[in-house]
$ cat my_file.pdb   # PDB, N, CA and C atoms
ATOM      1  N   MET A  94      -7.881 -23.872  30.840
ATOM      2  CA  MET A  94      -9.249 -24.164  30.444
ATOM      3  C   MET A  94     -10.186 -22.984  30.724
ATOM      4  N   LEU A  95      -9.890 -22.229  31.787
ATOM      5  CA  LEU A  95     -10.761 -21.108  32.135
ATOM      6  C   LEU A  95     -10.816 -20.076  31.014
ATOM      7  N   PHE A  96      -9.670 -19.776  30.434
ATOM      8  CA  PHE A  96      -9.634 -18.789  29.358
ATOM      9  C   PHE A  96     -10.294 -19.316  28.087
ATOM     10  N   THR A  97     -10.292 -20.630  27.891
ATOM     11  CA  THR A  97     -10.985 -21.212  26.748
ATOM     12  C   THR A  97     -12.485 -21.000  26.883
ATOM     13  N   TYR A  98     -13.021 -21.271  28.068
ATOM     14  CA  TYR A  98     -14.447 -21.042  28.303
ATOM     15  C   TYR A  98     -14.794 -19.563  28.175
ATOM     16  N   MET A  99     -13.914 -18.723  28.658
ATOM     17  CA  MET A  99     -14.146 -17.284  28.561
ATOM     18  C   MET A  99     -14.146 -16.832  27.101
ATOM     19  N   ALA A 100     -13.243 -17.360  26.302
ATOM     20  CA  ALA A 100     -13.169 -16.982  24.883
ATOM     21  C   ALA A 100     -14.399 -17.466  24.120
ATOM     22  N   ILE A 101     -14.876 -18.664  24.435
ATOM     23  CA  ILE A 101     -16.061 -19.190  23.756
ATOM     24  C   ILE A 101     -17.282 -18.338  24.081
ATOM     25  N   THR A 102     -17.470 -18.021  25.354
ATOM     26  CA  THR A 102     -18.626 -17.212  25.735
ATOM     27  C   THR A 102     -18.496 -15.781  25.200
ATOM     28  N   SER A 103     -17.276 -15.267  25.106
ATOM     29  CA  SER A 103     -17.074 -13.938  24.537
ATOM     30  C   SER A 103     -17.458 -13.919  23.061
ATOM     31  N   PHE A 104     -17.089 -14.944  22.331
ATOM     32  CA  PHE A 104     -17.443 -15.049  20.912
ATOM     33  C   PHE A 104     -18.954 -15.076  20.732
ATOM     34  N   ILE A 105     -19.620 -15.870  21.551
ATOM     35  CA  ILE A 105     -21.076 -15.983  21.453
ATOM     36  C   ILE A 105     -21.746 -14.661  21.813
ATOM     37  N   SER A 106     -21.270 -14.028  22.881
ATOM     38  CA  SER A 106     -21.937 -12.812  23.340
ATOM     39  C   SER A 106     -21.659 -11.615  22.438
ATOM     40  N   ARG A 107     -20.518 -11.584  21.769
ATOM     41  CA  ARG A 107     -20.264 -10.486  20.817
ATOM     42  C   ARG A 107     -21.320 -10.499  19.718
ATOM     43  N   ASN A 108     -21.616 -11.668  19.219
ATOM     44  CA  ASN A 108     -22.641 -11.770  18.182
ATOM     45  C   ASN A 108     -24.026 -11.449  18.735
ATOM     46  N   ALA A 109     -24.321 -11.956  19.921
ATOM     47  CA  ALA A 109     -25.653 -11.762  20.504
ATOM     48  C   ALA A 109     -25.897 -10.296  20.876
ATOM     49  N   PHE A 110     -24.929  -9.665  21.522
ATOM     50  CA  PHE A 110     -25.129  -8.281  21.957
ATOM     51  C   PHE A 110     -25.129  -7.305  20.781
ATOM     52  N   CYS A 111     -24.394  -7.613  19.728
ATOM     53  CA  CYS A 111     -24.449  -6.747  18.541
ATOM     54  C   CYS A 111     -25.814  -6.850  17.871
ATOM     55  N   LYS A 112     -26.397  -8.042  17.867
ATOM     56  CA  LYS A 112     -27.752  -8.196  17.327
ATOM     57  C   LYS A 112     -28.760  -7.476  18.214
ATOM     58  N   LEU A 113     -28.591  -7.555  19.551
ATOM     59  CA  LEU A 113     -29.483  -6.846  20.470
ATOM     60  C   LEU A 113     -29.392  -5.339  20.267
ATOM     61  N   GLY A 114     -28.200  -4.846  20.015
ATOM     62  CA  GLY A 114     -28.003  -3.412  19.811
ATOM     63  C   GLY A 114     -28.679  -2.887  18.553
ATOM     64  N   ASP A 115     -28.989  -3.777  17.621
ATOM     65  CA  ASP A 115     -29.667  -3.362  16.395
ATOM     66  C   ASP A 115     -31.156  -3.098  16.603
ATOM     67  N   PHE A 116     -31.734  -3.675  17.648
ATOM     68  CA  PHE A 116     -33.156  -3.456  17.917
ATOM     69  C   PHE A 116     -33.369  -2.075  18.514
ATOM     70  N   ARG A 117     -34.494  -1.464  18.176
ATOM     71  CA  ARG A 117     -34.787  -0.122  18.673
ATOM     72  C   ARG A 117     -35.093  -0.098  20.165
ATOM     73  N   CYS A 118     -35.569  -1.204  20.718
ATOM     74  CA  CYS A 118     -35.943  -1.209  22.131
ATOM     75  C   CYS A 118     -34.714  -1.293  23.054
ATOM     76  N   PHE A 119     -33.555  -1.617  22.506
ATOM     77  CA  PHE A 119     -32.319  -1.659  23.285
ATOM     78  C   PHE A 119     -31.407  -0.522  22.843
ATOM     79  N   LYS A 120     -30.886   0.206  23.795
ATOM     80  CA  LYS A 120     -29.912   1.242  23.472
ATOM     81  C   LYS A 120     -28.517   0.674  23.694
ATOM     82  N   ARG A 121     -27.637   0.935  22.740
ATOM     83  CA  ARG A 121     -26.272   0.391  22.832
ATOM     84  C   ARG A 121     -25.551   0.876  24.078
ATOM     85  N   PHE A 122     -25.756   2.121  24.416
ATOM     86  CA  PHE A 122     -25.068   2.676  25.578
ATOM     87  C   PHE A 122     -25.516   1.989  26.861
ATOM     88  N   HIS A 123     -26.794   1.664  26.964
ATOM     89  CA  HIS A 123     -27.276   0.961  28.155
ATOM     90  C   HIS A 123     -26.757  -0.470  28.210
ATOM     91  N   LEU A 124     -26.638  -1.128  27.062
ATOM     92  CA  LEU A 124     -26.033  -2.458  27.022
ATOM     93  C   LEU A 124     -24.574  -2.392  27.477
ATOM     94  N   TYR A 125     -23.865  -1.367  27.019
ATOM     95  CA  TYR A 125     -22.467  -1.185  27.402
ATOM     96  C   TYR A 125     -22.347  -0.915  28.898
ATOM     97  N   GLN A 126     -23.195  -0.033  29.428
ATOM     98  CA  GLN A 126     -23.138   0.282  30.854
ATOM     99  C   GLN A 126     -23.461  -0.935  31.711
ATOM    100  N   GLY A 127     -24.471  -1.685  31.324
ATOM    101  CA  GLY A 127     -24.817  -2.890  32.073
ATOM    102  C   GLY A 127     -23.698  -3.917  32.027
ATOM    103  N   GLY A 128     -23.103  -4.074  30.859
ATOM    104  CA  GLY A 128     -22.002  -5.031  30.718
ATOM    105  C   GLY A 128     -20.788  -4.654  31.547
ATOM    106  N   ILE A 129     -20.433  -3.380  31.557
ATOM    107  CA  ILE A 129     -19.250  -2.964  32.309
ATOM    108  C   ILE A 129     -19.502  -3.041  33.812
ATOM    109  N   THR A 130     -20.745  -2.817  34.233
ATOM    110  CA  THR A 130     -21.075  -2.931  35.654
ATOM    111  C   THR A 130     -20.972  -4.381  36.117
ATOM    112  N   ILE A 131     -21.551  -5.290  35.358
ATOM    113  CA  ILE A 131     -21.487  -6.707  35.730
ATOM    114  C   ILE A 131     -20.062  -7.225  35.635
ATOM    115  N   TYR A 132     -19.303  -6.754  34.640
ATOM    116  CA  TYR A 132     -17.894  -7.148  34.502
ATOM    117  C   TYR A 132     -17.103  -6.727  35.748
ATOM    118  N   GLY A 133     -17.313  -5.508  36.201
ATOM    119  CA  GLY A 133     -16.628  -5.031  37.401
ATOM    120  C   GLY A 133     -17.027  -5.812  38.637
ATOM    121  N   LEU A 134     -18.305  -6.159  38.762
ATOM    122  CA  LEU A 134     -18.748  -6.958  39.907
ATOM    123  C   LEU A 134     -18.132  -8.352  39.888
ATOM    124  N   CYS A 135     -17.962  -8.917  38.700
ATOM    125  CA  CYS A 135     -17.320 -10.231  38.594
ATOM    126  C   CYS A 135     -15.856 -10.168  39.024
ATOM    127  N   VAL A 136     -15.181  -9.107  38.633
ATOM    128  CA  VAL A 136     -13.778  -8.953  39.049
ATOM    129  C   VAL A 136     -13.688  -8.826  40.567
ATOM    130  N   LEU A 137     -14.639  -8.115  41.164
ATOM    131  CA  LEU A 137     -14.659  -7.992  42.626
ATOM    132  C   LEU A 137     -14.972  -9.321  43.308
ATOM    133  N   CYS A 138     -15.692 -10.206  42.635
ATOM    134  CA  CYS A 138     -16.048 -11.506  43.210
ATOM    135  C   CYS A 138     -14.945 -12.551  43.055
ATOM    136  N   LEU A 139     -13.925 -12.283  42.268
ATOM    137  CA  LEU A 139     -12.861 -13.275  42.052
ATOM    138  C   LEU A 139     -12.190 -13.747  43.340
ATOM    139  N   PRO A 140     -11.879 -12.872  44.298
ATOM    140  CA  PRO A 140     -11.251 -13.383  45.530
ATOM    141  C   PRO A 140     -12.180 -14.272  46.365
ATOM    142  N   LEU A 141     -13.467 -14.211  46.124
ATOM    143  CA  LEU A 141     -14.419 -15.015  46.880
ATOM    144  C   LEU A 141     -14.568 -16.431  46.337
ATOM    145  N   ALA A 142     -14.044 -16.691  45.148
ATOM    146  CA  ALA A 142     -14.164 -18.014  44.534
ATOM    147  C   ALA A 142     -13.236 -18.990  45.255
ATOM    148  N   ARG A 143     -13.827 -20.022  45.831
ATOM    149  CA  ARG A 143     -13.058 -20.998  46.606
ATOM    150  C   ARG A 143     -12.902 -22.341  45.910
ATOM    151  N   SER A 144     -13.658 -22.567  44.847
ATOM    152  CA  SER A 144     -13.577 -23.840  44.139
ATOM    153  C   SER A 144     -13.525 -23.582  42.640
ATOM    154  N   PHE A 145     -13.180 -24.637  41.911
ATOM    155  CA  PHE A 145     -13.088 -24.499  40.463
ATOM    156  C   PHE A 145     -14.439 -24.187  39.818
ATOM    157  N   PRO A 146     -15.540 -24.831  40.223
ATOM    158  CA  PRO A 146     -16.832 -24.482  39.598
ATOM    159  C   PRO A 146     -17.246 -23.020  39.830
ATOM    160  N   SER A 147     -16.955 -22.480  41.002
ATOM    161  CA  SER A 147     -17.298 -21.074  41.230
ATOM    162  C   SER A 147     -16.416 -20.154  40.385
ATOM    163  N   LEU A 148     -15.157 -20.507  40.239
ATOM    164  CA  LEU A 148     -14.256 -19.734  39.384
ATOM    165  C   LEU A 148     -14.686 -19.842  37.919
ATOM    166  N   LEU A 149     -15.137 -21.025  37.530
ATOM    167  CA  LEU A 149     -15.618 -21.230  36.165
ATOM    168  C   LEU A 149     -16.857 -20.381  35.886
ATOM    169  N   ALA A 150     -17.766 -20.315  36.839
ATOM    170  CA  ALA A 150     -18.970 -19.494  36.667
ATOM    171  C   ALA A 150     -18.607 -18.023  36.508
ATOM    172  N   ILE A 151     -17.666 -17.545  37.298
ATOM    173  CA  ILE A 151     -17.240 -16.145  37.195
ATOM    174  C   ILE A 151     -16.603 -15.880  35.839
ATOM    175  N   PHE A 152     -15.770 -16.804  35.361
ATOM    176  CA  PHE A 152     -15.105 -16.614  34.073
ATOM    177  C   PHE A 152     -16.096 -16.672  32.907
ATOM    178  N   ILE A 153     -17.136 -17.473  33.031
ATOM    179  CA  ILE A 153     -18.152 -17.514  31.978
ATOM    180  C   ILE A 153     -18.898 -16.189  31.923
ATOM    181  N   VAL A 154     -19.261 -15.647  33.081
ATOM    182  CA  VAL A 154     -19.936 -14.347  33.100
ATOM    183  C   VAL A 154     -18.987 -13.252  32.606
ATOM    184  N   LEU A 155     -17.704 -13.337  32.973
ATOM    185  CA  LEU A 155     -16.719 -12.379  32.463
ATOM    186  C   LEU A 155     -16.650 -12.425  30.937
ATOM    187  N   GLY A 156     -16.658 -13.619  30.378
ATOM    188  CA  GLY A 156     -16.630 -13.765  28.922
ATOM    189  C   GLY A 156     -17.872 -13.184  28.264
ATOM    190  N   LEU A 157     -19.028 -13.416  28.885
ATOM    191  CA  LEU A 157     -20.264 -12.854  28.341
ATOM    192  C   LEU A 157     -20.234 -11.333  28.360
ATOM    193  N   MET A 158     -19.765 -10.771  29.448
ATOM    194  CA  MET A 158     -19.749  -9.316  29.559
ATOM    195  C   MET A 158     -18.631  -8.690  28.724
ATOM    196  N   GLU A 159     -17.529  -9.396  28.551
ATOM    197  CA  GLU A 159     -16.464  -8.891  27.678
ATOM    198  C   GLU A 159     -16.977  -8.776  26.249
ATOM    199  N   GLY A 160     -17.744  -9.748  25.825
ATOM    200  CA  GLY A 160     -18.347  -9.675  24.498
ATOM    201  C   GLY A 160     -19.324  -8.523  24.379
ATOM    202  N   ALA A 161     -20.057  -8.255  25.463
ATOM    203  CA  ALA A 161     -20.990  -7.126  25.460
ATOM    204  C   ALA A 161     -20.236  -5.808  25.363
ATOM    205  N   LEU A 162     -19.114  -5.706  26.049
ATOM    206  CA  LEU A 162     -18.344  -4.464  26.040
ATOM    207  C   LEU A 162     -17.682  -4.216  24.696
ATOM    208  N   PHE A 163     -16.898  -5.158  24.245
ATOM    209  CA  PHE A 163     -16.106  -4.925  23.048
ATOM    210  C   PHE A 163     -16.924  -5.053  21.775
ATOM    211  N   GLY A 164     -18.064  -5.725  21.829
ATOM    212  CA  GLY A 164     -18.950  -5.764  20.682
ATOM    213  C   GLY A 164     -19.614  -4.421  20.430
ATOM    214  N   GLN A 165     -19.881  -3.685  21.494
ATOM    215  CA  GLN A 165     -20.558  -2.396  21.382
ATOM    216  C   GLN A 165     -19.580  -1.231  21.232
ATOM    217  N   TRP A 166     -18.327  -1.448  21.557
ATOM    218  CA  TRP A 166     -17.336  -0.374  21.617
ATOM    219  C   TRP A 166     -17.225   0.395  20.303
ATOM    220  N   SER A 167     -16.965  -0.311  19.234
ATOM    221  CA  SER A 167     -16.772   0.367  17.946
ATOM    222  C   SER A 167     -18.067   1.016  17.461
ATOM    223  N   LEU A 168     -19.196   0.382  17.738
ATOM    224  CA  LEU A 168     -20.471   0.966  17.327
ATOM    225  C   LEU A 168     -20.777   2.238  18.109
ATOM    226  N   LEU A 169     -20.427   2.260  19.387
ATOM    227  CA  LEU A 169     -20.639   3.463  20.189
ATOM    228  C   LEU A 169     -19.733   4.605  19.738
ATOM    229  N   VAL A 170     -18.505   4.279  19.382
ATOM    230  CA  VAL A 170     -17.591   5.320  18.888
ATOM    231  C   VAL A 170     -18.136   5.909  17.595
ATOM    232  N   LEU A 171     -18.610   5.068  16.727
ATOM    233  CA  LEU A 171     -19.189   5.548  15.467
ATOM    234  C   LEU A 171     -20.428   6.399  15.729
ATOM    235  N   GLU A 172     -21.262   5.963  16.665
ATOM    236  CA  GLU A 172     -22.484   6.698  16.979
ATOM    237  C   GLU A 172     -22.191   8.047  17.632
ATOM    238  N   CYS A 173     -21.192   8.095  18.490
ATOM    239  CA  CYS A 173     -20.884   9.334  19.214
ATOM    240  C   CYS A 173     -20.129  10.343  18.355
ATOM    241  N   CYS A 174     -19.204   9.891  17.534
ATOM    242  CA  CYS A 174     -18.317  10.814  16.810
ATOM    243  C   CYS A 174     -18.706  11.043  15.360
ATOM    244  N   GLY A 175     -19.444  10.147  14.793
ATOM    245  CA  GLY A 175     -19.790  10.292  13.388
ATOM    246  C   GLY A 175     -18.742   9.663  12.488
ATOM    247  N   LYS A 176     -19.089   9.554  11.224
ATOM    248  CA  LYS A 176     -18.208   8.878  10.269
ATOM    249  C   LYS A 176     -16.910   9.629  10.000
ATOM    250  N   LEU A 177     -16.953  10.948  10.090
ATOM    251  CA  LEU A 177     -15.775  11.733   9.730
ATOM    252  C   LEU A 177     -14.677  11.698  10.789
ATOM    253  N   LYS A 178     -15.049  11.568  12.048
ATOM    254  CA  LYS A 178     -14.059  11.620  13.118
ATOM    255  C   LYS A 178     -13.833  10.281  13.806
ATOM    256  N   VAL A 179     -14.353   9.206  13.250
ATOM    257  CA  VAL A 179     -14.251   7.912  13.916
ATOM    258  C   VAL A 179     -12.799   7.422  13.990
ATOM    259  N   ASN A 180     -11.991   7.702  12.975
ATOM    260  CA  ASN A 180     -10.589   7.256  12.995
ATOM    261  C   ASN A 180      -9.802   7.934  14.109
ATOM    262  N   GLN A 181     -10.000   9.218  14.259
ATOM    263  CA  GLN A 181      -9.298   9.952  15.304
ATOM    264  C   GLN A 181      -9.780   9.510  16.687
ATOM    265  N   ALA A 182     -11.078   9.337  16.846
ATOM    266  CA  ALA A 182     -11.622   8.897  18.135
ATOM    267  C   ALA A 182     -11.131   7.499  18.485
ATOM    268  N   TRP A 183     -11.091   6.615  17.504
ATOM    269  CA  TRP A 183     -10.610   5.246  17.749
ATOM    270  C   TRP A 183      -9.143   5.261  18.145
ATOM    271  N   GLY A 184      -8.356   6.122  17.543
ATOM    272  CA  GLY A 184      -6.946   6.247  17.913
ATOM    273  C   GLY A 184      -6.774   6.713  19.348
ATOM    274  N   TYR A 185      -7.573   7.696  19.765
ATOM    275  CA  TYR A 185      -7.509   8.158  21.156
ATOM    276  C   TYR A 185      -7.917   7.052  22.128
ATOM    277  N   ILE A 186      -8.946   6.314  21.793
ATOM    278  CA  ILE A 186      -9.396   5.233  22.680
ATOM    279  C   ILE A 186      -8.313   4.171  22.830
ATOM    280  N   ILE A 187      -7.727   3.762  21.743
ATOM    281  CA  ILE A 187      -6.677   2.737  21.801
ATOM    282  C   ILE A 187      -5.463   3.258  22.558
ATOM    283  N   PHE A 188      -5.107   4.519  22.357
ATOM    284  CA  PHE A 188      -3.976   5.104  23.069
ATOM    285  C   PHE A 188      -4.207   5.085  24.578
ATOM    286  N   PHE A 189      -5.349   5.613  25.012
ATOM    287  CA  PHE A 189      -5.597   5.688  26.455
ATOM    288  C   PHE A 189      -5.827   4.309  27.070
ATOM    289  N   THR A 190      -6.367   3.376  26.324
ATOM    290  CA  THR A 190      -6.489   2.004  26.816
ATOM    291  C   THR A 190      -5.110   1.393  27.010
ATOM    292  N   GLY A 191      -4.221   1.608  26.054
ATOM    293  CA  GLY A 191      -2.857   1.087  26.186
ATOM    294  C   GLY A 191      -2.112   1.699  27.353
ATOM    295  N   VAL A 192      -2.284   3.002  27.549
ATOM    296  CA  VAL A 192      -1.633   3.663  28.686
ATOM    297  C   VAL A 192      -2.171   3.113  30.002
ATOM    298  N   SER A 193      -3.475   2.932  30.091
ATOM    299  CA  SER A 193      -4.043   2.418  31.349
ATOM    300  C   SER A 193      -3.628   0.975  31.597
ATOM    301  N   PHE A 194      -3.540   0.154  30.544
ATOM    302  CA  PHE A 194      -3.063  -1.216  30.732
ATOM    303  C   PHE A 194      -1.590  -1.233  31.122
ATOM    304  N   GLY A 195      -0.815  -0.331  30.537
ATOM    305  CA  GLY A 195       0.616  -0.286  30.838
ATOM    306  C   GLY A 195       0.919   0.223  32.230
ATOM    307  N   ILE A 196       0.141   1.158  32.711
ATOM    308  CA  ILE A 196       0.382   1.734  34.044
ATOM    309  C   ILE A 196      -0.382   0.989  35.132
ATOM    310  N   GLY A 197      -1.551   0.439  34.777
ATOM    311  CA  GLY A 197      -2.428  -0.177  35.789
ATOM    312  C   GLY A 197      -1.822  -1.372  36.482
ATOM    313  N   SER A 198      -1.207  -2.264  35.759
ATOM    314  CA  SER A 198      -0.646  -3.479  36.370
ATOM    315  C   SER A 198       0.509  -3.169  37.335
ATOM    316  N   PRO A 199       1.483  -2.347  36.947
ATOM    317  CA  PRO A 199       2.531  -2.021  37.901
ATOM    318  C   PRO A 199       2.006  -1.272  39.146
ATOM    319  N   MET A 200       1.013  -0.404  38.940
ATOM    320  CA  MET A 200       0.453   0.308  40.084
ATOM    321  C   MET A 200      -0.275  -0.652  41.021
ATOM    322  N   ALA A 201      -1.005  -1.607  40.456
ATOM    323  CA  ALA A 201      -1.709  -2.593  41.298
ATOM    324  C   ALA A 201      -0.700  -3.467  42.030
ATOM    325  N   GLY A 202       0.397  -3.803  41.382
ATOM    326  CA  GLY A 202       1.424  -4.590  42.059
ATOM    327  C   GLY A 202       2.116  -3.804  43.176
ATOM    328  N   GLU A 203       2.270  -2.527  42.970
ATOM    329  CA  GLU A 203       2.897  -1.679  43.979
ATOM    330  C   GLU A 203       2.000  -1.517  45.200
ATOM    331  N   ILE A 204       0.700  -1.446  44.966
ATOM    332  CA  ILE A 204      -0.235  -1.284  46.074
ATOM    333  C   ILE A 204      -0.297  -2.552  46.883
TER     334      ILE A 204
END

$ encode --input "my_file.pdb" --output "structure tokens"
Amino acid sequence: MLFTYMAITSFISRNAFCKLGDFRCFKRFHLYQGGITIYGLCVLCLPLARSFPSLLAIFIVLGLMEGALFGQWSLLVLECCGKLKVNQAWGYIIFFTGVSFGIGSPMAGEI
């Protein structure tokens, strides 16, 4: 059930944060930085959750921030690299994300 709530909030926040990024008063990069900071703080708070409602609250915030991160990701790549190099930049991002996911879990288990 936790992942269901996280997926629902992620869906809602992807739409909301992409709309926020369209306004001139919000910068996409600042939305991304704020989202990744709160996402990291939520991950650090996971061991402190002692009950299901506290775990549910953390997962809802994780879902909201995941939507903020991945909703802005492709737009930031396009903004930083331009239309001509977006395919190459997206390939590098996916490659390094896959490498970090592949190496990160075994390293965390080893530690």

$ resolve_selection --input "my_file.pdb" --expression "the PyMOL selection byres (((chain A and resi 114 and name CA) around 10) and name CA)" --output "PyMOL selection string"
chain A and resi 109-113+115-125+161+164-165+168

$ resolve_selection --input "my_file.pdb" --expression "the PyMOL selection byres ((chain A and resi 98) around 8)" --output "VMD selection string"
chain A and resid 94 to 97 99 to 104 149 152 to 157

$ atom_distance --input "my_file.pdb" --atom1 "atom C of Cys174 in chain A" --atom2 "atom N of Ile187 in chain A"
14.6 Å

$ atom_distance --input "my_file.pdb" --atom1 "CA of Leu162 in chain A" --atom2 "CA of Trp183 in chain A"
14.9 Å

$ atom_distance --input "my_file.pdb" --atom1 "atom C of Gly160 in chain A" --atom2 "CA of Phe194 in chain A"
18.9 Å

$ closest_residue --input "my_file.pdb" --among "A:Ile151, A:Thr190, A:Tyr185, A:Asn180" --to "Leu137 in chain A" --atoms "only C-alpha atoms"
A:Ile151

$ select_by_dssp --input "my_file.pdb" --residues "chain A" --states "alpha helix (DSSP H)" --output "JSON, numbers by chain"
{"A": [95, 96, 97, 98, 99, 100, 101, 102, 103, 104, 105, 106, 107, 108, 109, 110, 111, 112, 113, 114, 115, 121, 122, 123, 124, 125, 126, 127, 128, 129, 130, 131, 132, 133, 134, 135, 136, 137, 138, 145, 146, 147, 148, 149, 150, 151, 152, 153, 154, 155, 156, 157, 158, 159, 160, 161, 162, 163, 164, 165, 166, 167, 168, 169, 170, 171, 172, 173, 174, 179, 180, 181, 182, 183, 184, 185, 186, 187, 188, 189, 190, 191, 192, 193, 194, 195, 196, 197, 198, 199, 200, 201, 202, 203]}
